[in-house]
Each structure stands twice: as structure tokens, then as C-alpha cells.
Amino acid sequence: MEKTDLKNFDLVELEAYLARHGKERYRARQVFKWLYQKGAVSFEEMSNLSKELRRELADAAWISTLEPEAVEVSEDGTRKYLFRLADGTTIESVLIPEEDRNTLCISSQVGCALACEFCLTGTFKLTRNLSTAEIINQICAVKREAEVKNLVFMGMGEPLANLDNVVRALRIITCDDGLQFSTRRVTVSTAGLVPEMDLLGQAVTVNLAVSLNATTDAQRDRLMPVNRRYPLKELIAACKRFPLPSRRMITIEYVVIDGVNDSLDDAKRLVKLISGIPCKVNLIPFNEHEGCSLRKPTQRAIDVFHKYLLDKHFTVITRSSRGSDISAACGQLKGRLEKKGKGEPSQP
Ligand code: SAH
């Protein structure tokens, strides 16, 4: 019989699993603390469980982990982790250090099916969804060597296309007996899968970022084919009804692309579109990559766009590109070492 990976369970599921094996439910909290707060990788370590229980668990279950196959460190301190999964595919996570908080950007799929024109991951198509354990283990691995304050689902993949595993991972991430992240510090970013946005909001409390990137359907259809399924009107309505705890805001992400969506008219349309949404705006200058003819905007275009939003009283951040020298910037992640066998050296 195949052993059960306990990292695929949220707390309620682990309780049910233990109950099915005739164990007390409260043991689940103990096991969770070992897995997520003490970083246990074996049952032997779980010293407050009886020897017998530890042995029984070891017979029926196992604890998966991920070890980075390579770590690249950028000049600005950004660290890119490459993980090889059991089936040989690879994913990446990026740790972005900031003065008082590190933000970890994690992947939710191997590849992505959405094929956004500006995104490198999209060119690799979708290989598969990540399991809950594979999502969680990116965090566990990075936590072993650095503090992680904030978590963003902005790596490879569309998190809401892998909703069940992402929701289960979010439960583990925010669980008091689990990874103990405040829900304020966790953000799921979506290209705009409308039905799943509703389901996410019903299932968990989490910050939402929406990659808008365009202000007309014609423009967005071209940049993000998912818009043909869920056009702007539906997407904006879904943002408006997304359940936000008081004083929280949706993040509207807008990749600024030279000559495509960076004019003052675009800024004006953007303001009209999002005016009914409690939101802040992240402007992300397009990161150029091979095989994509789009270009990054001029500083002047960004400044004009940024200022217009500010003048309209929006909270705006123009994201500085971090880790671009190691291809760790927004939308540049891909399983580079895939199919190459053992990878490149782990030092910069
Ligand atoms: N699928 C999700 C999360 C992954 S993409 C989503 O679409 O939100 C994370 C962010 O990177 C998105 O806002 C996306 O618009 C942005 N992005 C993708 N490619 C980029 C590029 N080449 N330059 C700048 N930002 C990019």
C-alpha cells in the first residue's frame, strides 16, 4: 500500500485521518506543530507522541520535503530557489528581502495554461498542478534558512486553476498549529478566473491580487486570453464582491508595457474601471525576456501613469524589478533546468 504524505492534509483532514486509524484527534495538532513549527522530517523526532504511535505512523505515512537543487543569489539579495519534484519537473520560488520583511513568492503549478502574451511561464504550457505538499514544501524549505514574513502566490502558475490544493495550502499556512502566517501577510494573485475568485473568498480569508494589465476588452483579450472567458465587466464585478475584512484592499496589478498599455488614456480608463473597488495599484514595469517582442516602458511613461493615479487618490506602488539579473523578476520564472539532469552550481 502506498504511504500517505501527511503534508497533503490540512488540520481537519489530519484529524480525520488519525481518527480513521483509531487515534485521538488532538494528536493532529501535535503532529502539525512538529511538521510546520519544528520542521520535523521524521516521526522519530516527535517526542511527545508515544513510541507506538510514531511507529504506526511511520508504517502508514511519510513526510515529504523539498530541498533546493540550486539557489541563485541576485546582486540585490533576491534569492531564487529551484526545486526538482519527484517526477523530475522543476519549479521556482523567489525570496525577496526587504528591510523589515522578507517576501516569498511561490509557485502553484508546473507551467501555466493561460498563455498571457507577456509572461514567460505561459510559453511553457501547463505540465500539471502542484500538490498541496509541493506548495507547502517550498515554504518549509526556505524557512529552514531564512525568515519569511510575507507570502505571495505570484510564482509559476495560476493559483486559482489549482484551487483545491491552493485552498488547502492556505489553511496550513494560516493555521495556528501550522505555519502561523497572519492572513494579512498572504496574497493570492490571479489572472482573473471569476468563478474561482468567488470560491476562494468563500473558502478562506486571504488577500487578493488581480492581474488586470489592460483597460479595454480588446487590449486584454490580446494580452491575456483568459479575458475572452471572463471579460472585464465580469472580472470587475467579481472584485467588487470579493469578501474583504475591514480596511483591506485588493491589489490591482498592472504590468506596464511600452506602447501597449502605458498611455495617459490607459491611466484614465484604469481609474474609471477600478474606481468602485477598494484597492491599491501595483505598477510593474514589464520585464523583457527572450522570445517576447514586448518592451519595457520608459521611465517617463511610468512616472506620468503613476502620478495620474496618485492625483486621483489611489495608493500606488511602482514595483522595482528585483532579481532580474538572475531571471527571478516577475513573470520570468521557469523550470530552466528541466530535462537537463542535475543542475548548475548553487552559488552565484
Ligand atoms: N497567474 C497569476 C500569478 C502569477 S503571475 C497572475 O496572473 O496573477 C504574477 C504577476 O507577474 C502577474 O501580475 C503578472 O501580470 C506579472 N507578470 C507576468 N509576466 C511578467 C513580465 N514579463 N513582466 C512583468 N510582470 C509580469
# chains A, B, ... in the order shown; residues from 1 in each chain; ligands from 1
$ residues_around --residues "Asp5 (chain A)" --least-positions-apart "6" --cutoff "7 Å" --atoms "only C-alpha atoms" --output "list in words"
Ala61, Trp62, Ile63 and Ser64 of chain A
$ write_last_selection --atoms "N, CA, C and O atoms" --output "JSON list (two decimals), in the first residue's frame"
[["chain", "number", "residue", "atom", "x", "y", "z"],
["A", 61, "ALA", "N", 2.45, 6.23, 6.91],
["A", 61, "ALA", "CA", 2.53, 7.58, 6.35],
["A", 61, "ALA", "C", 3.99, 8.00, 6.17],
["A", 61, "ALA", "O", 4.90, 7.34, 6.67],
["A", 62, "TRP", "N", 4.17, 9.12, 5.46],
["A", 62, "TRP", "CA", 5.51, 9.69, 5.35],
["A", 62, "TRP", "C", 5.42, 11.21, 5.30],
["A", 62, "TRP", "O", 4.33, 11.77, 5.17],
["A", 63, "ILE", "N", 6.57, 11.83, 5.42],
["A", 63, "ILE", "CA", 6.64, 13.29, 5.45],
["A", 63, "ILE", "C", 7.51, 13.75, 4.28],
["A", 63, "ILE", "O", 8.71, 13.50, 4.27],
["A", 64, "SER", "N", 6.90, 14.37, 3.30],
["A", 64, "SER", "CA", 7.68, 14.81, 2.14],
["A", 64, "SER", "C", 8.42, 16.11, 2.47],
["A", 64, "SER", "O", 8.01, 16.87, 3.34]]
$ select_by_dssp --residues "region 139-230 of chain A" --states "helix (DSSP H, G or I)" --output "ChimeraX atom specification"
/A:139-143,159-174,183-185,194-203,217-223,226-229
$ residues_near_ligand --ligand "ligand 1" --cutoff "8 Å" --atoms "only C-alpha atoms and all ligand atoms" --output "VMD selection string"
chain A and resid 107 112 114 116 118 to 121 153 to 160 188 to 192 209 to 213 253 to 256 284 to 289 329 to 332
$ closest_atom_pairs --of "region 131-224 of chain A" --to "region 80-104 of chain A" --cutoff "12 Å" --atoms "only C-alpha atoms" --output "JSON lines"
{"residue": "A:Ser131", "atom": "CA", "partner": "A:Leu85", "partner_atom": "CA", "distance": 10.5}
{"residue": "A:Ala133", "atom": "CA", "partner": "A:Leu85", "partner_atom": "CA", "distance": 10.9}
{"residue": "A:Glu134", "atom": "CA", "partner": "A:Leu85", "partner_atom": "CA", "distance": 7.9}
{"residue": "A:Ile135", "atom": "CA", "partner": "A:Ser93", "partner_atom": "CA", "distance": 9.9}
{"residue": "A:Ile136", "atom": "CA", "partner": "A:Ser93", "partner_atom": "CA", "distance": 11.4}
{"residue": "A:Asn137", "atom": "CA", "partner": "A:Phe83", "partner_atom": "CA", "distance": 9.8}
{"residue": "A:Gln138", "atom": "CA", "partner": "A:Ser93", "partner_atom": "CA", "distance": 6.9}
{"residue": "A:Ile139", "atom": "CA", "partner": "A:Leu104", "partner_atom": "CA", "distance": 7.7}
{"residue": "A:Cys140", "atom": "CA", "partner": "A:Leu104", "partner_atom": "CA", "distance": 11.1}
{"residue": "A:Ala141", "atom": "CA", "partner": "A:Tyr81", "partner_atom": "CA", "distance": 9.3}
{"residue": "A:Val142", "atom": "CA", "partner": "A:Leu95", "partner_atom": "CA", "distance": 8.0}
{"residue": "A:Lys143", "atom": "CA", "partner": "A:Leu104", "partner_atom": "CA", "distance": 9.6}
{"residue": "A:Glu145", "atom": "CA", "partner": "A:Leu95", "partner_atom": "CA", "distance": 10.9}
{"residue": "A:Ala146", "atom": "CA", "partner": "A:Asn102", "partner_atom": "CA", "distance": 8.4}
{"residue": "A:Glu147", "atom": "CA", "partner": "A:Asn102", "partner_atom": "CA", "distance": 6.7}
{"residue": "A:Val148", "atom": "CA", "partner": "A:Asn102", "partner_atom": "CA", "distance": 5.2}
{"residue": "A:Lys149", "atom": "CA", "partner": "A:Asn102", "partner_atom": "CA", "distance": 5.2}
{"residue": "A:Asn150", "atom": "CA", "partner": "A:Thr103", "partner_atom": "CA", "distance": 4.5}
{"residue": "A:Leu151", "atom": "CA", "partner": "A:Leu104", "partner_atom": "CA", "distance": 5.0}
{"residue": "A:Val152", "atom": "CA", "partner": "A:Leu104", "partner_atom": "CA", "distance": 6.2}
{"residue": "A:Phe153", "atom": "CA", "partner": "A:Leu104", "partner_atom": "CA", "distance": 8.5}
{"residue": "A:Met154", "atom": "CA", "partner": "A:Leu104", "partner_atom": "CA", "distance": 9.1}
{"residue": "A:Gly155", "atom": "CA", "partner": "A:Ser93", "partner_atom": "CA", "distance": 6.4}
{"residue": "A:Met156", "atom": "CA", "partner": "A:Glu92", "partner_atom": "CA", "distance": 7.2}
{"residue": "A:Gly157", "atom": "CA", "partner": "A:Ile91", "partner_atom": "CA", "distance": 9.7}
{"residue": "A:Phe181", "atom": "CA", "partner": "A:Thr103", "partner_atom": "CA", "distance": 12.0}
{"residue": "A:Arg185", "atom": "CA", "partner": "A:Thr103", "partner_atom": "CA", "distance": 9.0}
{"residue": "A:Val186", "atom": "CA", "partner": "A:Thr103", "partner_atom": "CA", "distance": 9.5}
{"residue": "A:Thr187", "atom": "CA", "partner": "A:Leu104", "partner_atom": "CA", "distance": 10.5}
$ residues_around --residues "Arg54 (chain A)" --least-positions-apart "4" --cutoff "12 Å" --atoms "only C-alpha atoms" --output "ChimeraX atom specification"
/A:23,27,30-31,42-50,58-62
$ write_last_selection --atoms "C-alpha atoms" --output "tab-separated table (two decimals), in the first residue's frame"
chain	number	residue	atom	x	y	z
A	23	LYS	CA	-6.17	7.77	17.29
A	27	ARG	CA	-2.75	14.30	18.16
A	30	GLN	CA	0.82	17.88	17.90
A	31	VAL	CA	1.83	16.41	14.55
A	42	SER	CA	10.66	12.11	10.53
A	43	PHE	CA	8.25	10.63	13.03
A	44	GLU	CA	11.07	9.63	15.40
A	45	GLU	CA	11.56	13.29	16.24
A	46	MET	CA	8.00	13.68	17.51
A	47	SER	CA	8.95	13.08	21.12
A	48	ASN	CA	5.59	13.88	22.67
A	49	LEU	CA	3.95	11.05	20.74
A	50	SER	CA	4.18	7.52	22.13
A	58	ALA	CA	5.88	5.60	10.08
A	59	ASP	CA	4.32	2.38	8.76
A	60	ALA	CA	1.34	4.09	7.14
A	61	ALA	CA	2.53	7.58	6.35
A	62	TRP	CA	5.51	9.69	5.35
$ select_by_dssp --residues "region 49-236 of chain A" --states "strand (DSSP E or B)" --output "NGL selection string"
:A and (61-62 or 68-73 or 79-84 or 90-97 or 102-105 or 109-111 or 126-129 or 150-153 or 186-190 or 207-211)
$ write_last_selection --atoms "C-alpha atoms" --output "PDB file, in the first residue's frame"
ATOM      1  CA  ALA A  61       2.534   7.582   6.349  1.00  0.00           C
ATOM      2  CA  TRP A  62       5.512   9.693   5.348  1.00  0.00           C
ATOM      3  CA  PRO A  68      16.566  23.257  -3.402  1.00  0.00           C
ATOM      4  CA  GLU A  69      18.571  21.803  -6.266  1.00  0.00           C
ATOM      5  CA  ALA A  70      20.038  25.231  -6.936  1.00  0.00           C
ATOM      6  CA  VAL A  71      19.927  28.633  -5.269  1.00  0.00           C
ATOM      7  CA  GLU A  72      20.860  31.732  -7.216  1.00  0.00           C
ATOM      8  CA  VAL A  73      21.546  34.971  -5.380  1.00  0.00           C
ATOM      9  CA  ARG A  79      17.284  34.544  -3.887  1.00  0.00           C
ATOM     10  CA  LYS A  80      15.843  32.182  -6.463  1.00  0.00           C
ATOM     11  CA  TYR A  81      15.297  28.586  -5.389  1.00  0.00           C
ATOM     12  CA  LEU A  82      14.947  25.829  -7.920  1.00  0.00           C
ATOM     13  CA  PHE A  83      13.195  22.687  -6.739  1.00  0.00           C
ATOM     14  CA  ARG A  84      13.108  19.414  -8.597  1.00  0.00           C
ATOM     15  CA  THR A  90      11.037  21.747 -11.706  1.00  0.00           C
ATOM     16  CA  ILE A  91       9.542  24.808 -10.074  1.00  0.00           C
ATOM     17  CA  GLU A  92      10.964  28.013  -8.676  1.00  0.00           C
ATOM     18  CA  SER A  93      10.371  30.181  -5.631  1.00  0.00           C
ATOM     19  CA  VAL A  94      11.831  33.619  -5.041  1.00  0.00           C
ATOM     20  CA  LEU A  95      12.750  35.211  -1.717  1.00  0.00           C
ATOM     21  CA  ILE A  96      12.752  38.995  -1.894  1.00  0.00           C
ATOM     22  CA  PRO A  97      14.492  40.543   1.089  1.00  0.00           C
ATOM     23  CA  ASN A 102      11.125  39.031   3.560  1.00  0.00           C
ATOM     24  CA  THR A 103       8.565  38.159   0.947  1.00  0.00           C
ATOM     25  CA  LEU A 104       8.488  34.689  -0.515  1.00  0.00           C
ATOM     26  CA  CYS A 105       6.934  34.236  -3.931  1.00  0.00           C
ATOM     27  CA  GLN A 109       1.660  24.865 -10.969  1.00  0.00           C
ATOM     28  CA  VAL A 110       4.376  23.428 -13.182  1.00  0.00           C
ATOM     29  CA  GLY A 111       3.973  25.761 -16.143  1.00  0.00           C
ATOM     30  CA  LEU A 126       0.793  23.581 -18.305  1.00  0.00           C
ATOM     31  CA  THR A 127       2.523  20.395 -17.195  1.00  0.00           C
ATOM     32  CA  ARG A 128       0.489  19.812 -14.049  1.00  0.00           C
ATOM     33  CA  ASN A 129      -0.882  21.220 -10.823  1.00  0.00           C
ATOM     34  CA  ASN A 150       5.033  37.675   3.645  1.00  0.00           C
ATOM     35  CA  LEU A 151       3.852  35.121   1.189  1.00  0.00           C
ATOM     36  CA  VAL A 152       2.632  35.749  -2.342  1.00  0.00           C
ATOM     37  CA  PHE A 153       1.280  33.234  -4.847  1.00  0.00           C
ATOM     38  CA  VAL A 186      -0.630  36.163   2.458  1.00  0.00           C
ATOM     39  CA  THR A 187      -1.707  37.164  -1.045  1.00  0.00           C
ATOM     40  CA  VAL A 188      -3.097  35.073  -3.868  1.00  0.00           C
ATOM     41  CA  SER A 189      -2.636  36.578  -7.304  1.00  0.00           C
ATOM     42  CA  THR A 190      -4.935  35.679 -10.167  1.00  0.00           C
ATOM     43  CA  ASN A 207      -5.550  38.995   0.338  1.00  0.00           C
ATOM     44  CA  LEU A 208      -6.329  39.016  -3.350  1.00  0.00           C
ATOM     45  CA  ALA A 209      -4.266  40.475  -6.158  1.00  0.00           C
ATOM     46  CA  VAL A 210      -5.760  40.688  -9.628  1.00  0.00           C
ATOM     47  CA  SER A 211      -3.537  40.997 -12.673  1.00  0.00           C
TER      48      SER A 211
END
$ closest_residue --among "A:Asp10, A:Asp266, A:Glu67, A:Asp198" --to "Arg241 (chain A)" --atoms "only C-alpha atoms"
A:Asp198
$ closest_residue --among "A:Lys334, A:Leu283, A:Val316, A:Pro195" --to "Arg229 (chain A)" --atoms "only C-alpha atoms"
A:Pro195
$ residues_around --residues "Gly276 (chain A)" --least-positions-apart "3" --cutoff "9 Å" --atoms "only C-alpha atoms" --output "PyMOL selection string"
chain A and resi 236+240+272-273+279
$ atom_distance --atom1 "CA of Asp177 (chain A)" --atom2 "CA of Ala19 (chain A)"
18.1 Å
$ closest_residue --among "A:Gln180, A:Ala113, A:Ser293, A:Asp311" --to "Pro225 (chain A)" --atoms "only C-alpha atoms"
A:Ala113
